[in-house]
Amino acid sequence: MEPFIRVTGVLAPLDRTNVDTDQIIPKQFLKRIERSGYGPFLFYDWRRKADFILDRPEYRGAAVLVTGANFGCGSSREHAAWSLLDAGFRTVIASSFGDIFKSNSFRSGLLPVELPEAQVAELIGLATEEPGMEITVDLAAQRIAAGGFETSFAIDPFYRECLLNGWDEVALTLRQEAEIARYELGRPAWLPGTR
Amino acid sequence: MAAKIWEDHVVVSHEGEPDLLYVDLHLVHEVTSPQAFESLRLTHRRVRRPDLTLATMDHDVPTRGGRAAADEIAERQMSALEENCRQEGIPLYGMGSARQGIVHVIGPELGLTQPGLLIVCGDSHTSTHGAFGALAFGIGTSEVEHVLATQCLRQRRPKTMAVTVDGALPMGVTAKDVALGIIARIGVDGGRGHVIEYSGSTIRGLSMEGRMTVCNMTIEGGARAGMVAPDETTFAYLNGREHAPRGRQWDEALAHWTALATDADAAFDLNVSIDAGRLEPYVTWGTNPGQSVPVTGSVPNPATETDERALAYMALEPGTKIEAIAIDRVFIGSCTNARLEDLRLAATVVRGHMVHPKVRAMVVPGSASVKQKAEAEGLDTVFRQAGFEWRDAGCSMCLGMNPDILGPGERCASTSNRNFEGRQGSGGRTHLVSPPMAAAAAIAGHLVDVREFNGTPSPSGGGG
């Protein structure tokens, strides 16, 4: 995974709540067996309708998305995080995220930042009134700055380290081989096997 | 109960870090696994425990015409799964296998889903398996890769939420309505960050199928996992199944399972109580599963912008009686409602009636085994004679990744779990309902109160 330290780029607003992963990346694009190439299909059905906000030229190439509560609810498809990354987003800011989406984001290098609803509303307002404004999300310092807006944010310290260092979580776990093997020895014999 | 199972699975726990948990059962399907296997290849890693891993094909599979009916990219995904399973020695129940089916239907059916297990799958409806008192939740593809390589998963301990449902279910109210009623109450993000433990006399009174329906929909209330403490109903369901323990091992397992139940004085972070007597058959009117009303109600006035957008997408006017909404399609199927009991409930309504001429209706059994059992008791004949299509097992029109999709603007009464925009097909409009409600809608040609509907004598004297 590519390390994530800080990002500066255009802030794009999507003022909707409960955006589910079916909207982020519709099902017809999940049949690919690759991890890349999903960017063009991000918000596919919404993009085909007139005047979808993210289609405005000022938001083209945006690096940070600010959006409503419970973003990424629904299906577990990690393709949702991949499509945002592939379209150029490195951070999503919302007051809350679907549990699985948040976990997928951390693991694929997309930074999910949770801010109080009032701050999210303020950022959505700023990005809407001043299209194309830039924002800096600094994971190392846990700070966000955009125009006059400034705040710190909390983040899971473990996933912060993983992102800052670009760690491969599987490699981390494989270092604990001895503990895993020991655990396996203690598993009761009646537990089911699939063969 | 969730805490006990959690403790039982901790491999490594360090202050400030997520716990490393051991996974007892990893279920795999064709859509969320190919990139995980590819990463293993690129990093020269192997699957640690193929004997604790099971694969099936469900999302992409055509439900008629066999594999030849699959499109080219679906075929590529299915072939990739076959090749990955062959290389790693993972048992696979592919198309044509008597054990194939929706991953959350076959796990329980085979007796692999057992109390106290930690079960994961790259699918959000993995919560279904919690019906057995297992801790089961959906994961993303990076986590699938992690479990394949290590049989472990790093997780932060979730908060807990108790949902207690007490009282007798009124006539015509099913487990699906219990689930929709709970979501209407807590909201689509009410369970976020929590594991839900369902209890109360209503939950106790549900069959395993009913409990699976309730646990399945847990993710629609935002919680990753939902569970029911195992009891005699659970044990009776498991006893004798292919992968259930036998003889002395059964006794040992049973002692462990019995001890799992939540202590009476256990404290939860959140508590919700629901009176089953006040539940009704529900119908969703919007584009998330929390936007529902009793079938006797009307499309509500929009309270938020989200509601307004949902109404526009659904092409509904506030104040319209739910029963006045005409439908084009009916889908009885999905990991929520495609088990034998669901099909029996629907067949009870259908018997002796005909599908409305303007409606196209289909029944898609949850597994090849459900299909075979339903046919053995003649349910296929009931559905076929009424004009339903009787299909092969798969996820089908729940998510529109296979040939079964809604056309733009088509309106469907569906027993599935998500009414998201475009979920069943781009531009399609979904109303989530129970299997008997879907069956009644197919016959009436519009959404209808199954309680009234059952009271109408059928022209051919059937019904009941």
# chains A, B, ... in the order shown; residues from 1 in each chain; ligands from 1
>>> residues_around(residues="His129 (chain B)", least_positions_apart="6", cutoff="10 Å", atoms="only C-alpha atoms", output="list in words")
His104, Val105, Gly107, Pro108, Leu112, Thr113, Gln114, Pro115, Leu117, Leu118, Ile119, Val120, Leu135, Ala136, Phe137, Arg211, Met212, Thr213, Cys215, Asn216, Ala225, Gly226, Met227 and Val228 of chain B
>>> write_last_selection(atoms="N, CA and C atoms", output="short mmCIF file (atom, residue, chain, number, x, y, z; two decimals), in the first residue's frame")
data_model
loop_
_atom_site.label_atom_id
_atom_site.label_comp_id
_atom_site.auth_asym_id
_atom_site.auth_seq_id
_atom_site.Cartn_x
_atom_site.Cartn_y
_atom_site.Cartn_z
N HIS B 104 -24.85 -17.76 2.16
CA HIS B 104 -25.45 -17.70 3.49
C HIS B 104 -26.60 -18.69 3.67
N VAL B 105 -26.93 -19.38 2.60
CA VAL B 105 -27.93 -20.45 2.71
C VAL B 105 -27.21 -21.78 2.89
N GLY B 107 -24.08 -22.48 4.07
CA GLY B 107 -23.29 -22.64 5.30
C GLY B 107 -24.12 -23.32 6.40
N PRO B 108 -25.29 -22.75 6.71
CA PRO B 108 -26.16 -23.37 7.69
C PRO B 108 -26.66 -24.75 7.26
N LEU B 112 -22.20 -26.30 8.72
CA LEU B 112 -20.90 -25.64 8.97
C LEU B 112 -21.07 -24.45 9.91
N THR B 113 -22.20 -23.78 9.79
CA THR B 113 -22.49 -22.64 10.65
C THR B 113 -22.92 -23.17 12.00
N GLN B 114 -22.10 -22.95 13.01
CA GLN B 114 -22.37 -23.50 14.34
C GLN B 114 -22.22 -22.42 15.41
N PRO B 115 -22.84 -22.63 16.55
CA PRO B 115 -22.73 -21.65 17.64
C PRO B 115 -21.28 -21.43 18.05
N LEU B 117 -18.84 -19.96 16.72
CA LEU B 117 -17.79 -19.82 15.72
C LEU B 117 -17.59 -18.35 15.35
N LEU B 118 -16.40 -18.05 14.84
CA LEU B 118 -16.16 -16.75 14.21
C LEU B 118 -16.16 -17.01 12.70
N ILE B 119 -17.14 -16.42 12.04
CA ILE B 119 -17.35 -16.69 10.61
C ILE B 119 -17.24 -15.38 9.84
N VAL B 120 -16.49 -15.39 8.75
CA VAL B 120 -16.42 -14.20 7.91
C VAL B 120 -16.60 -14.57 6.44
N LEU B 135 -20.42 -15.48 15.84
CA LEU B 135 -20.08 -14.09 15.57
C LEU B 135 -19.67 -14.04 14.11
N ALA B 136 -20.51 -13.44 13.29
CA ALA B 136 -20.32 -13.53 11.84
C ALA B 136 -20.51 -12.16 11.22
N PHE B 137 -19.55 -11.76 10.40
CA PHE B 137 -19.67 -10.44 9.78
C PHE B 137 -18.99 -10.37 8.42
N ARG B 211 -34.93 -16.72 12.25
CA ARG B 211 -33.82 -16.04 12.91
C ARG B 211 -32.77 -15.61 11.89
N MET B 212 -32.57 -16.44 10.88
CA MET B 212 -31.60 -16.08 9.84
C MET B 212 -32.06 -14.83 9.08
N THR B 213 -33.36 -14.74 8.84
CA THR B 213 -33.90 -13.56 8.15
C THR B 213 -33.62 -12.30 8.97
N CYS B 215 -31.31 -11.86 11.40
CA CYS B 215 -29.87 -11.58 11.49
C CYS B 215 -29.33 -11.09 10.15
N ASN B 216 -29.85 -11.62 9.07
CA ASN B 216 -29.44 -11.21 7.73
C ASN B 216 -29.60 -9.71 7.52
N ALA B 225 -22.76 -7.24 12.65
CA ALA B 225 -23.14 -8.58 13.08
C ALA B 225 -24.36 -8.52 13.97
N GLY B 226 -25.19 -9.57 13.88
CA GLY B 226 -26.34 -9.71 14.74
C GLY B 226 -26.41 -11.16 15.16
N MET B 227 -26.81 -11.42 16.39
CA MET B 227 -26.81 -12.81 16.82
C MET B 227 -27.95 -13.16 17.76
N VAL B 228 -28.24 -14.47 17.78
CA VAL B 228 -29.28 -15.01 18.65
C VAL B 228 -28.61 -16.13 19.46
#
>>> residues_around(residues="Ser108 (chain A)", least_positions_apart="4", cutoff="12 Å", atoms="only C-alpha atoms", output="VMD selection string")
(chain A and resid 1 to 4 35 to 36 78 to 86 90 to 91 101 to 104 112 159 162 to 163 166 to 169) or (chain B and resid 140 to 143 145)
>>> write_last_selection(atoms="N, CA and C atoms", output="compact mmCIF listing (two decimals), in the first residue's frame")
# COMPACT_ATOMS: atom_id res chain seq x y z
N MET A 1 0.84 -1.20 0.00
CA MET A 1 0.00 0.00 0.00
C MET A 1 0.87 1.25 0.00
N GLU A 2 0.46 2.22 -0.78
CA GLU A 2 1.20 3.48 -0.87
C GLU A 2 1.05 4.25 0.45
N PRO A 3 2.15 4.76 1.04
CA PRO A 3 2.00 5.50 2.30
C PRO A 3 1.14 6.74 2.10
N PHE A 4 0.43 7.11 3.14
CA PHE A 4 -0.40 8.32 3.13
C PHE A 4 0.09 9.21 4.25
N ARG A 35 -7.94 -4.96 -9.46
CA ARG A 35 -8.18 -4.00 -8.39
C ARG A 35 -8.28 -2.57 -8.92
N SER A 36 -7.88 -2.36 -10.15
CA SER A 36 -7.82 -1.00 -10.69
C SER A 36 -8.81 -0.82 -11.83
N GLU A 78 -15.29 -3.79 -1.64
CA GLU A 78 -14.14 -2.90 -1.49
C GLU A 78 -13.94 -2.07 -2.76
N HIS A 79 -14.60 -2.53 -3.83
CA HIS A 79 -14.57 -1.80 -5.08
C HIS A 79 -14.99 -0.34 -4.88
N ALA A 80 -15.78 -0.08 -3.84
CA ALA A 80 -16.21 1.30 -3.56
C ALA A 80 -15.00 2.15 -3.21
N ALA A 81 -14.15 1.65 -2.33
CA ALA A 81 -12.93 2.39 -1.97
C ALA A 81 -11.99 2.46 -3.17
N TRP A 82 -11.88 1.35 -3.91
CA TRP A 82 -10.98 1.34 -5.08
C TRP A 82 -11.43 2.35 -6.13
N SER A 83 -12.75 2.49 -6.31
CA SER A 83 -13.22 3.39 -7.37
C SER A 83 -12.95 4.84 -6.97
N LEU A 84 -13.09 5.16 -5.68
CA LEU A 84 -12.77 6.52 -5.23
C LEU A 84 -11.28 6.80 -5.43
N LEU A 85 -10.44 5.85 -5.05
CA LEU A 85 -8.99 6.01 -5.22
C LEU A 85 -8.63 6.16 -6.69
N ASP A 86 -9.23 5.30 -7.50
CA ASP A 86 -8.92 5.30 -8.93
C ASP A 86 -9.36 6.60 -9.59
N ARG A 90 -8.20 10.76 -2.27
CA ARG A 90 -7.34 10.12 -1.27
C ARG A 90 -7.98 10.15 0.11
N THR A 91 -8.98 11.03 0.28
CA THR A 91 -9.63 11.19 1.58
C THR A 91 -11.13 11.41 1.40
N PHE A 101 -17.13 -0.21 5.01
CA PHE A 101 -16.47 0.73 4.10
C PHE A 101 -15.28 1.38 4.79
N LYS A 102 -15.45 1.76 6.04
CA LYS A 102 -14.35 2.42 6.76
C LYS A 102 -13.15 1.47 6.86
N SER A 103 -13.43 0.25 7.21
CA SER A 103 -12.38 -0.75 7.34
C SER A 103 -11.69 -0.98 5.98
N ASN A 104 -12.49 -1.08 4.93
CA ASN A 104 -11.92 -1.27 3.58
C ASN A 104 -11.06 -0.09 3.17
N PRO A 112 -10.41 7.69 5.65
CA PRO A 112 -11.74 8.14 6.06
C PRO A 112 -11.61 9.02 7.31
N TYR A 159 -4.41 2.19 12.54
CA TYR A 159 -4.53 2.38 11.09
C TYR A 159 -3.82 3.65 10.63
N CYS A 162 -0.38 2.38 10.05
CA CYS A 162 -0.36 1.57 8.82
C CYS A 162 -0.34 2.46 7.59
N LEU A 163 -1.20 3.51 7.59
CA LEU A 163 -1.28 4.39 6.43
C LEU A 163 -0.01 5.22 6.28
N GLY A 166 2.54 2.87 5.04
CA GLY A 166 2.19 2.03 3.90
C GLY A 166 2.40 0.55 4.20
N TRP A 167 2.15 0.15 5.45
CA TRP A 167 2.39 -1.24 5.84
C TRP A 167 1.45 -2.21 5.17
N ASP A 168 1.97 -3.38 4.93
CA ASP A 168 1.19 -4.51 4.44
C ASP A 168 0.71 -5.26 5.68
N GLU A 169 -0.59 -5.22 5.92
CA GLU A 169 -1.12 -5.80 7.15
C GLU A 169 -0.90 -7.31 7.23
N GLY B 140 -14.18 -6.87 3.64
CA GLY B 140 -13.80 -6.45 2.31
C GLY B 140 -12.74 -7.37 1.72
N THR B 141 -12.36 -7.07 0.49
CA THR B 141 -11.43 -7.97 -0.21
C THR B 141 -10.04 -7.98 0.43
N SER B 142 -9.57 -6.85 0.95
CA SER B 142 -8.26 -6.86 1.62
C SER B 142 -8.30 -7.77 2.83
N GLU B 143 -9.43 -7.77 3.53
CA GLU B 143 -9.58 -8.66 4.69
C GLU B 143 -9.71 -10.12 4.24
N GLU B 145 -8.20 -11.37 1.74
CA GLU B 145 -6.80 -11.74 1.49
C GLU B 145 -6.09 -12.06 2.81
>>> atom_distance(atom1="CA of Val103 (chain B)", atom2="CA of Lys371 (chain B)")
14.8 Å
>>> residues_around(residues="Thr151 (chain A)", least_positions_apart="3", cutoff="10 Å", atoms="only C-alpha atoms", output="list in words")
Leu115, Gln119, Val137, Gln142, Arg143, Ile144, Ala145 and Ala146 of chain A
>>> interface_residues(of="chain A", to="chain B", cutoff="8 Å", atoms="only C-alpha atoms", output="PyMOL selection string")
chain A and resi 16-18+20+22-23+26-28+30-35+45+70+73-78+98-101+103-104+107-108+157-158+169-170+173-174+179-180+183+189-195
>>> write_last_selection(atoms="C-alpha atoms", output="PDB file, in the first residue's frame")
ATOM      1  CA  ARG A  16     -26.241  13.445   0.602  1.00  0.00           C
ATOM      2  CA  THR A  17     -26.643  11.109   3.550  1.00  0.00           C
ATOM      3  CA  ASN A  18     -26.601   7.299   3.607  1.00  0.00           C
ATOM      4  CA  ASP A  20     -24.568   3.279  -0.132  1.00  0.00           C
ATOM      5  CA  ASP A  22     -24.266   0.427  -4.674  1.00  0.00           C
ATOM      6  CA  GLN A  23     -24.328   4.144  -5.598  1.00  0.00           C
ATOM      7  CA  PRO A  26     -22.977  -0.146  -9.213  1.00  0.00           C
ATOM      8  CA  LYS A  27     -23.035  -3.919  -9.387  1.00  0.00           C
ATOM      9  CA  GLN A  28     -22.415  -4.259 -13.107  1.00  0.00           C
ATOM     10  CA  LEU A  30     -17.995  -5.719  -9.873  1.00  0.00           C
ATOM     11  CA  LYS A  31     -17.322  -8.507 -12.301  1.00  0.00           C
ATOM     12  CA  ARG A  32     -13.785  -7.426 -13.035  1.00  0.00           C
ATOM     13  CA  ILE A  33     -11.049  -9.470 -11.430  1.00  0.00           C
ATOM     14  CA  GLU A  34      -8.596  -6.566 -11.144  1.00  0.00           C
ATOM     15  CA  ARG A  35      -8.181  -4.001  -8.387  1.00  0.00           C
ATOM     16  CA  ASP A  45     -25.835   6.228 -12.333  1.00  0.00           C
ATOM     17  CA  ASN A  70     -23.240   6.993   7.035  1.00  0.00           C
ATOM     18  CA  CYS A  73     -23.282   1.858   4.033  1.00  0.00           C
ATOM     19  CA  GLY A  74     -24.572  -1.377   2.537  1.00  0.00           C
ATOM     20  CA  SER A  75     -22.600  -3.897   0.533  1.00  0.00           C
ATOM     21  CA  SER A  76     -19.080  -4.906   1.620  1.00  0.00           C
ATOM     22  CA  ARG A  77     -17.639  -4.329  -1.869  1.00  0.00           C
ATOM     23  CA  GLU A  78     -14.137  -2.896  -1.489  1.00  0.00           C
ATOM     24  CA  GLY A  98     -20.517   2.386   7.107  1.00  0.00           C
ATOM     25  CA  ASP A  99     -18.412   0.037   9.267  1.00  0.00           C
ATOM     26  CA  ILE A 100     -17.177  -2.179   6.439  1.00  0.00           C
ATOM     27  CA  PHE A 101     -16.474   0.734   4.102  1.00  0.00           C
ATOM     28  CA  SER A 103     -12.376  -0.746   7.335  1.00  0.00           C
ATOM     29  CA  ASN A 104     -11.924  -1.271   3.582  1.00  0.00           C
ATOM     30  CA  ARG A 107      -6.830  -1.165   4.171  1.00  0.00           C
ATOM     31  CA  SER A 108      -6.735   0.143   0.640  1.00  0.00           C
ATOM     32  CA  PRO A 157      -3.887   5.050  15.977  1.00  0.00           C
ATOM     33  CA  PHE A 158      -3.172   1.601  14.540  1.00  0.00           C
ATOM     34  CA  GLU A 169      -1.123  -5.799   7.154  1.00  0.00           C
ATOM     35  CA  VAL A 170      -0.709  -9.416   6.076  1.00  0.00           C
ATOM     36  CA  THR A 173       0.308 -10.618  10.973  1.00  0.00           C
ATOM     37  CA  LEU A 174       2.637 -13.218   9.515  1.00  0.00           C
ATOM     38  CA  GLU A 179       1.097 -17.176  18.287  1.00  0.00           C
ATOM     39  CA  ILE A 180      -1.213 -18.281  15.478  1.00  0.00           C
ATOM     40  CA  TYR A 183      -3.730 -20.883  19.059  1.00  0.00           C
ATOM     41  CA  ALA A 189     -11.471 -31.249  17.866  1.00  0.00           C
ATOM     42  CA  TRP A 190     -15.212 -30.905  17.278  1.00  0.00           C
ATOM     43  CA  LEU A 191     -14.907 -27.642  15.364  1.00  0.00           C
ATOM     44  CA  PRO A 192     -16.022 -28.090  11.760  1.00  0.00           C
ATOM     45  CA  GLY A 193     -13.786 -28.384   8.730  1.00  0.00           C
ATOM     46  CA  THR A 194     -14.956 -27.822   5.178  1.00  0.00           C
ATOM     47  CA  ARG A 195     -13.490 -30.964   3.637  1.00  0.00           C
TER      48      ARG A 195
END
>>> closest_residue(among="B:Leu432, B:Val350, B:Leu447, B:Ile203", to="Asp275 (chain B)", atoms="only C-alpha atoms")
B:Ile203
>>> closest_residue(among="B:Thr128, B:Ser13, B:Thr160, B:Thr63", to="Leu270 (chain B)", atoms="only C-alpha atoms")
B:Thr160
>>> select_by_dssp(residues="region 113-160 of chain A", states="strand (DSSP E or B)", output="PDB file with C-alpha atoms, in the first residue's frame")
ATOM      1  CA  VAL A 113     -11.929  11.189   8.349  1.00  0.00           C
ATOM      2  CA  GLU A 114     -14.800  11.585  10.788  1.00  0.00           C
ATOM      3  CA  GLU A 134      -8.170  23.445  -1.949  1.00  0.00           C
ATOM      4  CA  ILE A 135      -7.921  21.561   1.294  1.00  0.00           C
ATOM      5  CA  THR A 136      -5.004  19.960   3.090  1.00  0.00           C
ATOM      6  CA  VAL A 137      -5.561  16.803   5.085  1.00  0.00           C
ATOM      7  CA  ASP A 138      -2.487  16.058   7.142  1.00  0.00           C
ATOM      8  CA  ARG A 143      -5.068  18.372  11.020  1.00  0.00           C
ATOM      9  CA  ILE A 144      -7.266  19.727   8.262  1.00  0.00           C
ATOM     10  CA  ALA A 145      -6.960  23.190   6.742  1.00  0.00           C
ATOM     11  CA  ALA A 146      -9.104  24.730   4.013  1.00  0.00           C
ATOM     12  CA  PHE A 149     -11.304  26.431   8.164  1.00  0.00           C
ATOM     13  CA  GLU A 150      -8.983  24.562  10.470  1.00  0.00           C
ATOM     14  CA  THR A 151      -9.485  21.600  12.737  1.00  0.00           C
ATOM     15  CA  SER A 152      -7.810  18.565  14.195  1.00  0.00           C
TER      16      SER A 152
END
>>> atom_distance(atom1="CA of Ala168 (chain B)", atom2="CA of Ile274 (chain B)")
11.5 Å
>>> residues_around(residues="Cys412 (chain B)", least_positions_apart="2", cutoff="7 Å", atoms="only C-alpha atoms", output="PyMOL selection string")
chain B and resi 327-330+410+414+429-431
>>> write_last_selection(atoms="N, CA and C atoms", output="PDB file, in the first residue's frame")
ATOM      1  N   ILE B 327     -47.589  -3.009  -9.339  1.00  0.00           N
ATOM      2  CA  ILE B 327     -46.228  -3.514  -9.539  1.00  0.00           C
ATOM      3  C   ILE B 327     -46.109  -4.260 -10.869  1.00  0.00           C
ATOM      4  N   ASP B 328     -44.875  -4.348 -11.370  1.00  0.00           N
ATOM      5  CA  ASP B 328     -44.608  -5.036 -12.632  1.00  0.00           C
ATOM      6  C   ASP B 328     -43.965  -6.394 -12.415  1.00  0.00           C
ATOM      7  N   ARG B 329     -43.168  -6.475 -11.337  1.00  0.00           N
ATOM      8  CA  ARG B 329     -42.383  -7.693 -11.123  1.00  0.00           C
ATOM      9  C   ARG B 329     -42.492  -8.136  -9.668  1.00  0.00           C
ATOM     10  N   VAL B 330     -42.285  -9.429  -9.468  1.00  0.00           N
ATOM     11  CA  VAL B 330     -42.185  -9.965  -8.104  1.00  0.00           C
ATOM     12  C   VAL B 330     -40.976 -10.881  -8.046  1.00  0.00           C
ATOM     13  N   GLU B 410     -39.152  -0.199 -13.934  1.00  0.00           N
ATOM     14  CA  GLU B 410     -39.960  -1.330 -13.476  1.00  0.00           C
ATOM     15  C   GLU B 410     -40.045  -1.327 -11.953  1.00  0.00           C
ATOM     16  N   SER B 414     -40.274  -7.249  -3.670  1.00  0.00           N
ATOM     17  CA  SER B 414     -39.120  -8.138  -3.576  1.00  0.00           C
ATOM     18  C   SER B 414     -38.884  -8.591  -2.136  1.00  0.00           C
ATOM     19  N   ARG B 429     -37.233  -0.044  -9.451  1.00  0.00           N
ATOM     20  CA  ARG B 429     -37.799   0.448  -8.185  1.00  0.00           C
ATOM     21  C   ARG B 429     -38.207  -0.737  -7.322  1.00  0.00           C
ATOM     22  N   THR B 430     -37.628  -0.807  -6.141  1.00  0.00           N
ATOM     23  CA  THR B 430     -37.803  -1.974  -5.278  1.00  0.00           C
ATOM     24  C   THR B 430     -38.649  -1.652  -4.050  1.00  0.00           C
ATOM     25  N   HIS B 431     -39.636  -2.501  -3.776  1.00  0.00           N
ATOM     26  CA  HIS B 431     -40.364  -2.435  -2.509  1.00  0.00           C
ATOM     27  C   HIS B 431     -40.057  -3.710  -1.739  1.00  0.00           C
TER      28      HIS B 431
END
>>> select_by_dssp(residues="region 4-227 of chain B", states="helix (DSSP H, G or I)", output="PyMOL selection string")
chain B and resi 4-8+34-42+50-52+67-69+72-88+103-109+124-132+141-150+175-186+201-205+208-221
>>> residues_around(residues="Gly68 (chain A)", least_positions_apart="4", cutoff="8 Å", atoms="only C-alpha atoms", output="ChimeraX atom specification")
/A:14-19,94-96,120
>>> write_last_selection(atoms="N, CA and C atoms", output="PDB file, in the first residue's frame")
ATOM      1  N   LEU A  14     -20.459  16.431  -1.645  1.00  0.00           N
ATOM      2  CA  LEU A  14     -21.585  15.592  -2.061  1.00  0.00           C
ATOM      3  C   LEU A  14     -22.555  15.579  -0.885  1.00  0.00           C
ATOM      4  N   ASP A  15     -23.515  16.503  -0.947  1.00  0.00           N
ATOM      5  CA  ASP A  15     -24.390  16.739   0.197  1.00  0.00           C
ATOM      6  C   ASP A  15     -25.546  15.735   0.235  1.00  0.00           C
ATOM      7  N   ARG A  16     -25.208  14.480   0.497  1.00  0.00           N
ATOM      8  CA  ARG A  16     -26.241  13.445   0.602  1.00  0.00           C
ATOM      9  C   ARG A  16     -25.892  12.551   1.782  1.00  0.00           C
ATOM     10  N   THR A  17     -26.905  12.035   2.448  1.00  0.00           N
ATOM     11  CA  THR A  17     -26.643  11.109   3.550  1.00  0.00           C
ATOM     12  C   THR A  17     -26.912   9.675   3.101  1.00  0.00           C
ATOM     13  N   ASN A  18     -26.383   8.734   3.875  1.00  0.00           N
ATOM     14  CA  ASN A  18     -26.601   7.299   3.607  1.00  0.00           C
ATOM     15  C   ASN A  18     -26.246   6.909   2.174  1.00  0.00           C
ATOM     16  N   VAL A  19     -25.162   7.446   1.650  1.00  0.00           N
ATOM     17  CA  VAL A  19     -24.741   7.055   0.296  1.00  0.00           C
ATOM     18  C   VAL A  19     -24.221   5.621   0.389  1.00  0.00           C
ATOM     19  N   ALA A  94     -16.603  12.711   6.439  1.00  0.00           N
ATOM     20  CA  ALA A  94     -18.042  12.599   6.730  1.00  0.00           C
ATOM     21  C   ALA A  94     -18.209  12.533   8.237  1.00  0.00           C
ATOM     22  N   SER A  95     -19.457  12.668   8.701  1.00  0.00           N
ATOM     23  CA  SER A  95     -19.649  12.566  10.152  1.00  0.00           C
ATOM     24  C   SER A  95     -19.652  11.110  10.595  1.00  0.00           C
ATOM     25  N   SER A  96     -19.925  10.193   9.670  1.00  0.00           N
ATOM     26  CA  SER A  96     -19.817   8.761   9.976  1.00  0.00           C
ATOM     27  C   SER A  96     -19.735   7.968   8.677  1.00  0.00           C
ATOM     28  N   VAL A 120     -18.674  19.174   9.174  1.00  0.00           N
ATOM     29  CA  VAL A 120     -18.908  18.623   7.837  1.00  0.00           C
ATOM     30  C   VAL A 120     -19.786  19.594   7.045  1.00  0.00           C
TER      31      VAL A 120
END
>>> atom_distance(atom1="CA of Ala179 (chain B)", atom2="CA of Glu197 (chain B)")
13.1 Å
>>> decode(residues="region 131-142 of chain A", atoms="N, CA and C atoms", output="PDB file, in the first residue's frame")
ATOM      1  N   PRO A 131     -16.246  26.841  -5.360  1.00  0.00           N
ATOM      2  CA  PRO A 131     -15.890  25.607  -6.071  1.00  0.00           C
ATOM      3  C   PRO A 131     -14.419  25.620  -6.480  1.00  0.00           C
ATOM      4  N   GLY A 132     -13.773  24.516  -6.279  1.00  0.00           N
ATOM      5  CA  GLY A 132     -12.366  24.427  -6.671  1.00  0.00           C
ATOM      6  C   GLY A 132     -11.411  24.783  -5.551  1.00  0.00           C
ATOM      7  N   MET A 133     -11.939  25.142  -4.362  1.00  0.00           N
ATOM      8  CA  MET A 133     -11.046  25.484  -3.258  1.00  0.00           C
ATOM      9  C   MET A 133     -10.234  24.259  -2.829  1.00  0.00           C
ATOM     10  N   GLU A 134      -9.049  24.546  -2.339  1.00  0.00           N
ATOM     11  CA  GLU A 134      -8.170  23.445  -1.949  1.00  0.00           C
ATOM     12  C   GLU A 134      -8.235  23.188  -0.454  1.00  0.00           C
ATOM     13  N   ILE A 135      -7.931  21.979  -0.104  1.00  0.00           N
ATOM     14  CA  ILE A 135      -7.921  21.561   1.294  1.00  0.00           C
ATOM     15  C   ILE A 135      -6.659  20.738   1.521  1.00  0.00           C
ATOM     16  N   THR A 136      -6.128  20.827   2.733  1.00  0.00           N
ATOM     17  CA  THR A 136      -5.004  19.960   3.090  1.00  0.00           C
ATOM     18  C   THR A 136      -5.438  19.059   4.235  1.00  0.00           C
ATOM     19  N   VAL A 137      -5.288  17.771   4.028  1.00  0.00           N
ATOM     20  CA  VAL A 137      -5.561  16.803   5.085  1.00  0.00           C
ATOM     21  C   VAL A 137      -4.219  16.197   5.464  1.00  0.00           C
ATOM     22  N   ASP A 138      -3.806  16.487   6.687  1.00  0.00           N
ATOM     23  CA  ASP A 138      -2.487  16.058   7.142  1.00  0.00           C
ATOM     24  C   ASP A 138      -2.664  14.932   8.156  1.00  0.00           C
ATOM     25  N   LEU A 139      -2.372  13.725   7.738  1.00  0.00           N
ATOM     26  CA  LEU A 139      -2.567  12.578   8.627  1.00  0.00           C
ATOM     27  C   LEU A 139      -1.495  12.557   9.717  1.00  0.00           C
ATOM     28  N   ALA A 140      -0.286  12.940   9.351  1.00  0.00           N
ATOM     29  CA  ALA A 140       0.805  12.935  10.331  1.00  0.00           C
ATOM     30  C   ALA A 140       0.463  13.870  11.497  1.00  0.00           C
ATOM     31  N   ALA A 141      -0.041  15.059  11.154  1.00  0.00           N
ATOM     32  CA  ALA A 141      -0.359  16.048  12.198  1.00  0.00           C
ATOM     33  C   ALA A 141      -1.807  15.927  12.672  1.00  0.00           C
ATOM     34  N   GLN A 142      -2.588  15.090  11.993  1.00  0.00           N
ATOM     35  CA  GLN A 142      -4.025  14.941  12.275  1.00  0.00           C
ATOM     36  C   GLN A 142      -4.743  16.297  12.235  1.00  0.00           C
TER      37      GLN A 142
END
